[in-house]
file data.cif (mmCIF, C-alpha atoms (C1' of nucleotides))
data_run
#
loop_
_atom_site.label_atom_id
_atom_site.label_comp_id
_atom_site.auth_asym_id
_atom_site.auth_seq_id
_atom_site.Cartn_x
_atom_site.Cartn_y
_atom_site.Cartn_z
CA MET K 7 79.19 79.40 134.96
CA HIS K 8 76.90 76.44 134.34
CA ASN K 9 73.53 77.33 132.99
CA PRO K 10 72.32 75.20 130.10
CA ALA K 11 69.27 77.39 129.51
CA MET K 12 71.18 80.59 129.12
CA ASN K 13 73.71 79.83 126.49
CA THR K 14 75.87 82.92 126.32
CA MET K 15 79.15 81.10 126.03
CA THR K 16 80.85 80.76 122.71
CA THR K 17 81.66 77.12 122.29
CA SER K 18 82.25 75.62 118.90
CA ASN K 19 79.00 73.73 119.40
CA ASP K 20 77.12 77.00 119.25
CA TYR K 21 78.95 77.82 116.07
CA GLU K 22 78.04 74.46 114.60
CA GLN K 23 74.37 75.15 115.19
CA GLN K 24 74.57 78.63 113.74
CA LEU K 25 76.46 77.42 110.71
CA ARG K 26 74.02 74.55 110.16
CA GLN K 27 71.20 77.08 110.24
CA ALA K 28 73.01 79.02 107.53
CA GLY K 29 73.06 75.89 105.39
CA VAL K 30 76.71 75.03 105.99
CA ARG K 31 77.58 71.35 106.19
CA ILE K 32 79.50 70.34 109.26
CA THR K 33 82.21 68.00 108.14
CA ARG K 34 84.79 66.29 110.28
CA GLN K 35 87.40 68.77 109.04
CA ARG K 36 85.31 71.83 109.71
CA ARG K 37 84.51 70.62 113.20
CA ILE K 38 88.20 70.16 113.94
CA ILE K 39 89.04 73.64 112.67
CA LEU K 40 86.19 75.20 114.64
CA ASN K 41 87.45 73.51 117.78
CA ILE K 42 90.98 74.74 117.18
CA LEU K 43 89.73 78.28 116.69
CA SER K 44 87.61 78.35 119.81
CA ASP K 45 90.47 76.86 121.81
CA SER K 46 93.00 79.39 120.52
CA GLU K 47 94.00 82.35 122.62
CA ASP K 48 96.38 83.59 119.94
CA HIS K 49 95.92 84.62 116.30
CA PRO K 50 97.22 81.68 114.26
CA ASP K 51 97.74 81.76 110.51
CA ALA K 52 96.50 79.09 108.10
CA LEU K 53 99.67 77.03 108.33
CA GLU K 54 99.58 77.04 112.12
CA ILE K 55 95.92 76.02 112.12
CA PHE K 56 96.86 73.27 109.69
CA ARG K 57 99.64 72.08 112.01
CA ARG K 58 97.29 71.95 114.97
CA ALA K 59 94.66 70.18 112.89
CA VAL K 60 97.09 67.52 111.66
CA GLU K 61 97.75 66.51 115.26
CA ILE K 62 94.07 65.64 115.57
CA ASP K 63 93.55 64.24 112.08
CA ASN K 64 96.64 63.71 109.97
CA SER K 65 94.65 63.38 106.76
CA ILE K 66 93.46 66.98 106.74
CA SER K 67 94.82 69.18 103.96
CA LEU K 68 96.03 72.75 103.86
CA SER K 69 93.59 73.58 101.06
CA THR K 70 90.75 72.59 103.31
CA VAL K 71 92.05 74.93 105.98
CA TYR K 72 92.16 77.79 103.48
CA ARG K 73 88.73 76.95 102.09
CA THR K 74 87.28 76.72 105.58
CA MET K 75 88.79 80.03 106.64
CA LYS K 76 87.21 81.73 103.65
CA LEU K 77 83.88 80.11 104.42
CA LEU K 78 83.96 81.03 108.08
CA GLU K 79 84.94 84.58 107.24
CA GLU K 80 82.00 84.88 104.86
CA GLN K 81 79.74 83.52 107.59
CA GLY K 82 81.10 86.09 110.01
CA ALA K 83 82.36 83.37 112.34
CA ILE K 84 85.98 84.54 112.26
CA HIS K 85 88.01 87.66 111.57
CA ARG K 86 91.00 87.86 109.29
CA HIS K 87 94.00 90.08 110.01
CA ALA K 88 97.12 90.88 108.00
CA PHE K 89 99.47 92.28 110.61
CA ASN K 90 102.56 93.86 109.05
CA GLY K 91 101.33 92.80 105.65
CA GLY K 92 102.21 89.23 106.60
CA PRO K 93 100.09 86.11 106.05
CA SER K 94 96.46 86.20 107.17
CA ARG K 95 95.94 85.44 110.83
CA PHE K 96 92.59 84.46 112.22
CA GLU K 97 90.59 84.75 115.36
CA HIS K 98 87.24 83.56 116.51
CA ALA K 99 84.67 86.30 116.02
CA GLY K 100 83.87 86.40 119.72
CA SER K 101 81.43 88.67 121.43
CA ASP K 102 83.01 92.09 121.30
CA HIS K 103 84.82 94.10 118.73
CA HIS K 104 88.38 94.99 119.64
CA ASP K 105 91.58 96.33 118.15
CA HIS K 106 95.14 95.06 118.43
CA ILE K 107 98.50 95.94 119.87
CA ILE K 108 101.25 93.96 118.15
CA ASP K 109 104.42 93.49 120.18
CA MET K 110 107.11 94.02 117.54
CA GLU K 111 109.70 92.00 119.43
CA SER K 112 107.70 88.93 120.38
CA GLY K 113 104.90 89.05 117.81
CA ASP K 114 102.39 88.76 120.65
CA VAL K 115 99.01 90.35 120.11
CA VAL K 116 97.16 92.19 122.87
CA GLU K 117 93.53 93.16 122.42
CA PHE K 118 91.98 96.44 123.49
CA HIS K 119 88.88 98.48 122.92
CA SER K 120 88.18 102.19 123.13
CA GLU K 121 84.66 103.46 122.75
CA LYS K 122 86.04 106.98 122.46
CA ILE K 123 88.19 106.08 119.48
CA GLU K 124 85.29 104.26 117.86
CA ARG K 125 83.11 107.35 118.17
CA LEU K 126 85.81 109.64 116.81
CA GLN K 127 86.25 107.36 113.80
CA GLU K 128 82.52 107.48 113.05
CA GLU K 129 82.55 111.23 113.36
CA ILE K 130 85.50 111.68 111.01
CA ALA K 131 84.10 109.31 108.41
CA ARG K 132 80.69 110.98 108.50
CA GLU K 133 82.23 114.40 108.02
CA LEU K 134 83.97 113.13 104.90
CA GLY K 135 80.76 111.60 103.55
CA TYR K 136 81.46 107.98 104.43
CA GLU K 137 79.97 105.33 106.63
CA ILE K 138 82.32 102.79 108.15
CA VAL K 139 81.74 99.16 107.18
CA HIS K 140 84.64 97.90 109.24
CA HIS K 141 87.96 99.21 110.39
CA ARG K 142 91.41 98.12 111.38
CA LEU K 143 93.43 99.73 114.14
CA GLU K 144 96.81 98.25 114.91
CA LEU K 145 99.40 99.66 117.27
CA TYR K 146 102.89 98.32 116.58
CA CYS K 147 104.62 98.62 119.92
CA ARG K 148 107.61 97.93 122.09
CA LYS K 149 107.34 96.99 125.74
CA ILE K 150 108.25 99.90 128.02
CA LYS K 151 111.28 98.97 130.09
CA LYS K 152 111.15 99.84 133.76
CA MET W 20 132.10 112.97 85.10
CA HIS W 21 130.79 116.28 86.36
CA ASN W 22 127.94 117.34 88.47
CA PRO W 23 125.46 119.58 86.66
CA ALA W 24 123.86 122.10 88.95
CA MET W 25 120.79 122.17 86.78
CA ASN W 26 118.66 119.10 86.81
CA THR W 27 115.03 119.15 85.77
CA MET W 28 113.74 117.86 89.05
CA THR W 29 110.69 118.19 91.16
CA THR W 30 110.57 117.98 94.93
CA SER W 31 112.40 114.67 94.83
CA ASN W 32 115.61 116.67 94.71
CA ASP W 33 115.26 117.20 98.43
CA TYR W 34 114.94 113.50 98.85
CA GLU W 35 117.94 112.85 96.70
CA GLN W 36 120.09 115.03 98.92
CA GLN W 37 118.84 113.36 102.06
CA LEU W 38 119.40 109.92 100.61
CA ARG W 39 122.88 110.82 99.40
CA GLN W 40 123.68 111.99 102.91
CA ALA W 41 122.58 108.62 104.19
CA GLY W 42 125.05 106.98 101.83
CA VAL W 43 122.51 105.87 99.24
CA ARG W 44 123.60 105.94 95.63
CA ILE W 45 121.30 107.83 93.33
CA THR W 46 120.96 105.77 90.21
CA ARG W 47 118.95 106.59 87.13
CA GLN W 48 116.34 104.02 88.22
CA ARG W 49 116.06 105.35 91.75
CA ARG W 50 115.68 108.88 90.48
CA ILE W 51 112.84 107.80 88.20
CA ILE W 52 111.07 105.98 91.02
CA LEU W 53 111.49 108.92 93.40
CA ASN W 54 109.98 111.21 90.80
CA ILE W 55 107.04 108.90 90.27
CA LEU W 56 106.41 108.76 94.00
CA SER W 57 106.53 112.48 94.55
CA ASP W 58 104.25 113.02 91.55
CA SER W 59 101.70 110.43 92.72
CA GLU W 60 98.53 111.53 94.43
CA ASP W 61 97.38 107.95 94.82
CA HIS W 62 98.88 104.90 96.56
CA PRO W 63 100.31 102.74 93.75
CA ASP W 64 101.58 99.20 94.23
CA ALA W 65 104.92 97.95 92.91
CA LEU W 66 103.51 96.81 89.59
CA GLU W 67 101.84 100.16 89.01
CA ILE W 68 105.06 102.01 89.87
CA PHE W 69 106.84 99.68 87.46
CA ARG W 70 104.32 100.49 84.71
CA ARG W 71 104.78 104.21 85.23
CA ALA W 72 108.55 103.81 85.31
CA VAL W 73 108.65 101.83 82.07
CA GLU W 74 107.04 104.75 80.27
CA ILE W 75 110.04 106.85 81.24
CA ASP W 76 112.72 104.19 80.87
CA ASN W 77 111.65 100.95 79.29
CA SER W 78 114.74 99.09 80.49
CA ILE W 79 113.83 99.32 84.17
CA SER W 80 113.00 96.02 85.86
CA LEU W 81 110.36 95.04 88.38
CA SER W 82 113.01 93.66 90.75
CA THR W 83 114.60 97.08 90.87
CA VAL W 84 111.26 98.58 91.80
CA TYR W 85 110.88 96.09 94.65
CA ARG W 86 114.46 96.57 95.80
CA THR W 87 114.06 100.33 95.69
CA MET W 88 110.82 100.25 97.64
CA LYS W 89 112.49 98.23 100.36
CA LEU W 90 115.41 100.62 100.45
CA LEU W 91 113.24 103.73 100.57
CA GLU W 92 111.11 102.20 103.30
CA GLU W 93 114.22 101.49 105.38
CA GLN W 94 115.32 105.08 104.83
CA GLY W 95 111.93 106.30 105.97
CA ALA W 96 111.32 107.99 102.63
CA ILE W 97 108.11 106.11 101.93
CA HIS W 98 105.36 104.27 103.75
CA ARG W 99 104.08 100.83 102.90
CA HIS W 100 100.43 99.83 103.27
CA ALA W 101 98.65 96.53 102.80
CA PHE W 102 95.03 97.57 102.49
CA ASN W 103 92.67 94.59 102.65
CA GLY W 104 95.66 92.30 102.88
CA GLY W 105 96.35 92.99 99.21
CA PRO W 106 99.70 93.81 97.61
CA SER W 107 101.82 96.51 99.22
CA ARG W 108 100.93 100.02 98.19
CA PHE W 109 103.27 102.93 98.70
CA GLU W 110 103.19 106.61 99.38
CA HIS W 111 105.74 109.31 99.73
CA ALA W 112 106.50 109.88 103.42
CA GLY W 113 105.39 113.49 103.21
CA SER W 114 105.34 115.99 105.98
CA ASP W 115 102.48 114.87 108.19
CA HIS W 116 101.34 111.58 109.53
CA HIS W 117 97.84 110.60 108.48
CA ASP W 118 95.50 107.62 108.43
CA HIS W 119 93.33 106.25 105.64
CA ILE W 120 89.75 105.83 104.61
CA ILE W 121 89.43 103.16 101.92
CA ASP W 122 86.37 103.46 99.70
CA MET W 123 85.32 99.83 99.37
CA GLU W 124 83.49 100.40 96.10
CA SER W 125 86.04 102.44 94.18
CA GLY W 126 89.23 101.52 96.00
CA ASP W 127 89.97 105.24 96.44
CA VAL W 128 91.96 106.26 99.46
CA VAL W 129 91.20 109.40 101.45
CA GLU W 130 93.64 110.66 104.05
CA PHE W 131 92.71 112.07 107.43
CA HIS W 132 94.28 112.91 110.73
CA SER W 133 92.92 113.11 114.26
CA GLU W 134 95.09 114.39 117.04
CA LYS W 135 92.48 113.18 119.51
CA ILE W 136 92.69 109.61 118.25
CA GLU W 137 96.49 109.75 118.28
CA ARG W 138 96.47 110.83 121.91
CA LEU W 139 93.99 108.15 122.91
CA GLN W 140 96.14 105.51 121.25
CA GLU W 141 99.20 106.65 123.19
CA GLU W 142 97.21 106.59 126.39
CA ILE W 143 95.90 103.07 125.84
CA ALA W 144 99.29 101.69 124.84
CA ARG W 145 100.97 103.26 127.84
CA GLU W 146 98.40 101.82 130.21
CA LEU W 147 99.16 98.36 128.83
CA GLY W 148 102.92 98.87 129.21
CA TYR W 149 103.72 99.61 125.58
CA GLU W 150 105.10 102.48 123.57
CA ILE W 151 103.88 102.87 120.01
CA VAL W 152 106.51 102.62 117.28
CA HIS W 153 104.00 103.12 114.52
CA HIS W 154 100.37 102.40 113.94
CA ARG W 155 97.87 101.69 111.23
CA LEU W 156 94.31 102.97 111.23
CA GLU W 157 92.17 102.13 108.24
CA LEU W 158 88.47 102.83 107.88
CA TYR W 159 86.83 100.65 105.23
CA CYS W 160 83.87 102.71 104.13
CA ARG W 161 80.98 103.21 101.78
CA LYS W 162 79.94 106.60 100.46
CA ILE W 163 76.83 107.90 102.20
CA LYS W 164 74.04 108.33 99.67
CA LYS W 165 72.01 111.49 99.92
"C1'" DG Y 12 139.14 100.97 90.88
"C1'" DT Y 13 136.12 99.53 94.27
"C1'" DT Y 14 131.72 98.96 95.68
"C1'" DT Y 15 127.09 98.67 94.91
"C1'" DA Y 16 122.99 98.35 91.77
"C1'" DT Y 17 120.83 96.29 87.90
"C1'" DG Y 18 118.36 92.94 84.73
"C1'" DC Y 19 117.13 88.55 84.05
"C1'" DA Y 20 115.47 84.17 85.26
"C1'" DA Y 21 114.39 81.19 88.73
"C1'" DA Y 22 112.72 80.35 93.26
"C1'" DA Y 23 109.99 81.31 97.25
"C1'" DC Y 24 105.88 82.41 99.51
"C1'" DG Y 25 101.00 82.43 100.71
"C1'" DT Y 26 96.95 81.29 98.55
"C1'" DT Y 27 93.57 79.50 95.07
"C1'" DT Y 28 91.80 76.19 91.85
"C1'" DG Y 29 90.69 71.92 88.70
"C1'" DC Y 30 89.63 67.50 89.18
"C1'" DA Y 31 88.41 62.79 90.63
"C1'" DC Y 32 86.75 60.78 94.65
"C1'" DC Y 33 84.22 60.91 99.20
"C1'" DC Y 34 81.04 62.34 102.65
"C1'" DT Y 35 76.95 64.88 104.63
"C1'" DC Y 36 72.39 65.68 104.49
"C1'" DG S 18 70.96 59.76 95.85
"C1'" DA S 19 72.16 64.56 95.04
"C1'" DG S 20 75.04 68.06 96.04
"C1'" DG S 21 78.59 69.83 98.20
"C1'" DG S 22 83.41 68.94 100.42
"C1'" DT S 23 87.95 66.90 100.28
"C1'" DG S 24 92.91 65.77 99.05
"C1'" DC S 25 96.19 66.25 95.85
"C1'" DA S 26 98.91 68.63 92.63
"C1'" DA S 27 99.33 72.24 89.75
"C1'" DA S 28 98.71 77.27 89.01
"C1'" DC S 29 98.50 81.68 90.80
"C1'" DG S 30 100.03 86.65 92.02
"C1'" DT S 31 103.36 88.92 94.71
"C1'" DT S 32 107.86 89.27 96.29
"C1'" DT S 33 112.72 87.78 96.86
"C1'" DT S 34 117.11 86.08 95.33
"C1'" DG S 35 121.53 84.26 92.69
"C1'" DC S 36 124.34 85.61 89.39
"C1'" DA S 37 126.87 87.96 85.73
"C1'" DT S 38 127.07 92.61 83.97
"C1'" DA S 39 126.89 97.62 84.40
"C1'" DA S 40 126.98 101.88 86.70
"C1'" DA S 41 127.96 105.15 90.74
"C1'" DC S 42 131.16 107.00 93.57
#

call {"tool": "encode", "arguments": {"input": "data.cif", "output": "structure tokens"}}
result
Amino acid sequence: MHNPAMNTMTTSNDYEQQLRQAGVRITRQRRIILNILSDSEDHPDALEIFRRAVEIDNSISLSTVYRTMKLLEEQGAIHRHAFNGGPSRFEHAGSDHHDHIIDMESGDVVEFHSEKIERLQEEIARELGYEIVHHRLELYCRKIKK
Amino acid sequence: MHNPAMNTMTTSNDYEQQLRQAGVRITRQRRIILNILSDSEDHPDALEIFRRAVEIDNSISLSTVYRTMKLLEEQGAIHRHAFNGGPSRFEHAGSDHHDHIIDMESGDVVEFHSEKIERLQEEIARELGYEIVHHRLELYCRKIKK
DNA sequence: GTTTATGCAAAACGTTTGCACCCTC
DNA sequence: GAGGGTGCAAACGTTTTGCATAAAC
């Protein structure tokens, strides 16, 4: 896909522009973290992001990672998860909403989406007098052995 | 040391028997905590359980609360939640499984259950090669204003 | 009497914050 | 140049742990 006019891809450059528009300064550190996040297929925690960042710039600090994660969360650029009540793990707020299967043996995270479940959630909340702001659906699973 | 048949107990007596059967010693502290849990309509965290326990026995310690919560969780007697990534909050593992609506303004927790959602979850997991061990569904909501 | 639980204090853990200096706009 | 961002170290809130004592079985 190579169409400079139609920019539907989520590169960290896009995010930089959006963040700039929101009045966020793009520092060297923030750029590094944004790149790490858009390159990540997994759901790293702050320490792991810090480790990956240090390989690019060994002067970066863990506090900056934490501060940046909070900022990006507020800007809606990332999502924060607390699987198993463990440390926060982050992912790029890509295009589509999705939920998570957590492999209890490996810790791997698989994403899925069910429009049916989403609708049922809305229905249930509405019946109880609530509107959903956001939700969290996590399936803690084991691989089925064949 | 004799075993009085009469003990001013609530429903936690059932739990005591089950725990005894599992080889768990019923100490004064554990009895107090079990009572607090079966009396609680809300989802208190460890500190709140500690506060309630101190009113009954002011020599109880916070470590004992934490150790007991871990034990009871392992025994399947309670469930642990980490709403919003905050401190663990606990509830008696009552009869039925249910999920949670968290009122974002008040912090109140409303319980609900949807057999349809449960079935859809199973279906999705199976299709991806997983079996669900347990799951977590939390709807972070605002009250609808009329 | 043996085994296990407790209380206390200290440590561990993930995260936030105060401050002096540095960089982006 | 002004205002916000950074690194560092120290503080934080939650949870765990080592150890000597106490209680359950």

call {"tool": "interface_residues", "arguments": {"input": "data.cif", "of": "chain K", "to": "chain Y", "cutoff": "8 Å", "atoms": "all atoms listed in the file", "output": "MDAnalysis selection string"}}
result
chainID K and resid 31:33 72 93

call {"tool": "interface_residues", "arguments": {"input": "data.cif", "of": "chain W", "to": "chain K", "cutoff": "7 Å", "atoms": "all atoms listed in the file", "output": "list in words"}}
result
Ala101, Gly104, Ile136, Gly148, Tyr149, Glu150, Ile151, Val152, His153, His154, Arg155, Leu156, Glu157, Leu158, Tyr159, Cys160, Arg161, Lys162 and Ile163 of chain W

call {"tool": "resolve_selection", "arguments": {"input": "data.cif", "expression": "the PyMOL selection byres ((chain S) within 10 of (chain W))", "output": "PyMOL selection string"}}
result
chain S and resi 30-34+40-42

call {"tool": "calpha_fit_rmsd", "arguments": {"input": "data.cif", "fixed": "chain W", "moving": "chain K"}}
result
4.9 Å

call {"tool": "atom_distance", "arguments": {"input": "data.cif", "atom1": "C1' of DC29 (chain S)", "atom2": "CA of Asp48 (chain K)"}}
result
29.3 Å

call {"tool": "resolve_selection", "arguments": {"input": "data.cif", "expression": "the PyMOL selection byres ((chain W and resi 63) around 6)", "output": "list in words"}}
result
His62, Asp64, Glu67, Arg108 and Phe109 of chain W

call {"tool": "write_last_selection", "arguments": {"input": "data.cif", "atoms": "C-alpha atoms", "output": "PDB file, in the coordinates of the input"}}
result
ATOM      1  CA  HIS W  62      98.880 104.900  96.560  1.00  0.00           C
ATOM      2  CA  ASP W  64     101.580  99.200  94.230  1.00  0.00           C
ATOM      3  CA  GLU W  67     101.840 100.160  89.010  1.00  0.00           C
ATOM      4  CA  ARG W 108     100.930 100.020  98.190  1.00  0.00           C
ATOM      5  CA  PHE W 109     103.270 102.930  98.700  1.00  0.00           C
TER       6      PHE W 109
END

call {"tool": "atom_distance", "arguments": {"input": "data.cif", "atom1": "CA of Ile51 (chain W)", "atom2": "CA of Ile97 (chain W)"}}
result
14.6 Å

call {"tool": "atom_distance", "arguments": {"input": "data.cif", "atom1": "CA of Gly42 (chain W)", "atom2": "CA of His117 (chain W)"}}
result
28.2 Å

call {"tool": "decode", "arguments": {"input": "data.cif", "residues": "region 111-151 of chain K", "atoms": "C-alpha atoms", "output": "PDB file, in the first residue's frame"}}
result
ATOM      1  CA  GLU K 111       0.816 -20.331  30.283  1.00  0.00           C
ATOM      2  CA  SER K 112       2.802 -18.114  27.932  1.00  0.00           C
ATOM      3  CA  GLY K 113       1.426 -14.684  28.822  1.00  0.00           C
ATOM      4  CA  ASP K 114       0.737 -14.090  25.130  1.00  0.00           C
ATOM      5  CA  VAL K 115      -2.140 -11.812  24.274  1.00  0.00           C
ATOM      6  CA  VAL K 116      -4.495 -12.483  21.373  1.00  0.00           C
ATOM      7  CA  GLU K 117      -6.911  -9.823  20.205  1.00  0.00           C
ATOM      8  CA  PHE K 118     -10.497 -10.408  19.158  1.00  0.00           C
ATOM      9  CA  HIS K 119     -13.664  -8.488  18.545  1.00  0.00           C
ATOM     10  CA  SER K 120     -17.319  -9.451  18.736  1.00  0.00           C
ATOM     11  CA  GLU K 121     -19.958  -7.019  17.611  1.00  0.00           C
ATOM     12  CA  LYS K 122     -22.582  -9.264  19.184  1.00  0.00           C
ATOM     13  CA  ILE K 123     -20.973  -9.052  22.601  1.00  0.00           C
ATOM     14  CA  GLU K 124     -20.588  -5.296  22.258  1.00  0.00           C
ATOM     15  CA  ARG K 125     -24.298  -4.940  21.530  1.00  0.00           C
ATOM     16  CA  LEU K 126     -25.292  -7.184  24.420  1.00  0.00           C
ATOM     17  CA  GLN K 127     -23.140  -5.125  26.781  1.00  0.00           C
ATOM     18  CA  GLU K 128     -24.840  -1.909  25.672  1.00  0.00           C
ATOM     19  CA  GLU K 129     -28.222  -3.503  26.124  1.00  0.00           C
ATOM     20  CA  ILE K 130     -27.477  -4.744  29.634  1.00  0.00           C
ATOM     21  CA  ALA K 131     -25.999  -1.435  30.744  1.00  0.00           C
ATOM     22  CA  ARG K 132     -28.935   0.517  29.354  1.00  0.00           C
ATOM     23  CA  GLU K 133     -31.419  -1.709  31.151  1.00  0.00           C
ATOM     24  CA  LEU K 134     -29.642  -0.975  34.422  1.00  0.00           C
ATOM     25  CA  GLY K 135     -29.645   2.776  33.751  1.00  0.00           C
ATOM     26  CA  TYR K 136     -26.040   3.139  32.647  1.00  0.00           C
ATOM     27  CA  GLU K 137     -24.182   4.155  29.553  1.00  0.00           C
ATOM     28  CA  ILE K 138     -20.840   2.521  28.895  1.00  0.00           C
ATOM     29  CA  VAL K 139     -17.826   4.836  28.768  1.00  0.00           C
ATOM     30  CA  HIS K 140     -15.397   2.014  28.153  1.00  0.00           C
ATOM     31  CA  HIS K 141     -15.147  -1.635  28.998  1.00  0.00           C
ATOM     32  CA  ARG K 142     -12.686  -4.390  29.591  1.00  0.00           C
ATOM     33  CA  LEU K 143     -13.204  -7.966  28.496  1.00  0.00           C
ATOM     34  CA  GLU K 144     -10.410 -10.414  29.173  1.00  0.00           C
ATOM     35  CA  LEU K 145     -10.518 -14.159  28.649  1.00  0.00           C
ATOM     36  CA  TYR K 146      -7.864 -15.993  30.655  1.00  0.00           C
ATOM     37  CA  CYS K 147      -7.301 -19.147  28.679  1.00  0.00           C
ATOM     38  CA  ARG K 148      -5.339 -22.310  28.119  1.00  0.00           C
ATOM     39  CA  LYS K 149      -4.477 -23.620  24.676  1.00  0.00           C
ATOM     40  CA  ILE K 150      -6.654 -26.585  23.699  1.00  0.00           C
ATOM     41  CA  LYS K 151      -4.471 -29.635  23.203  1.00  0.00           C
TER      42      LYS K 151
END
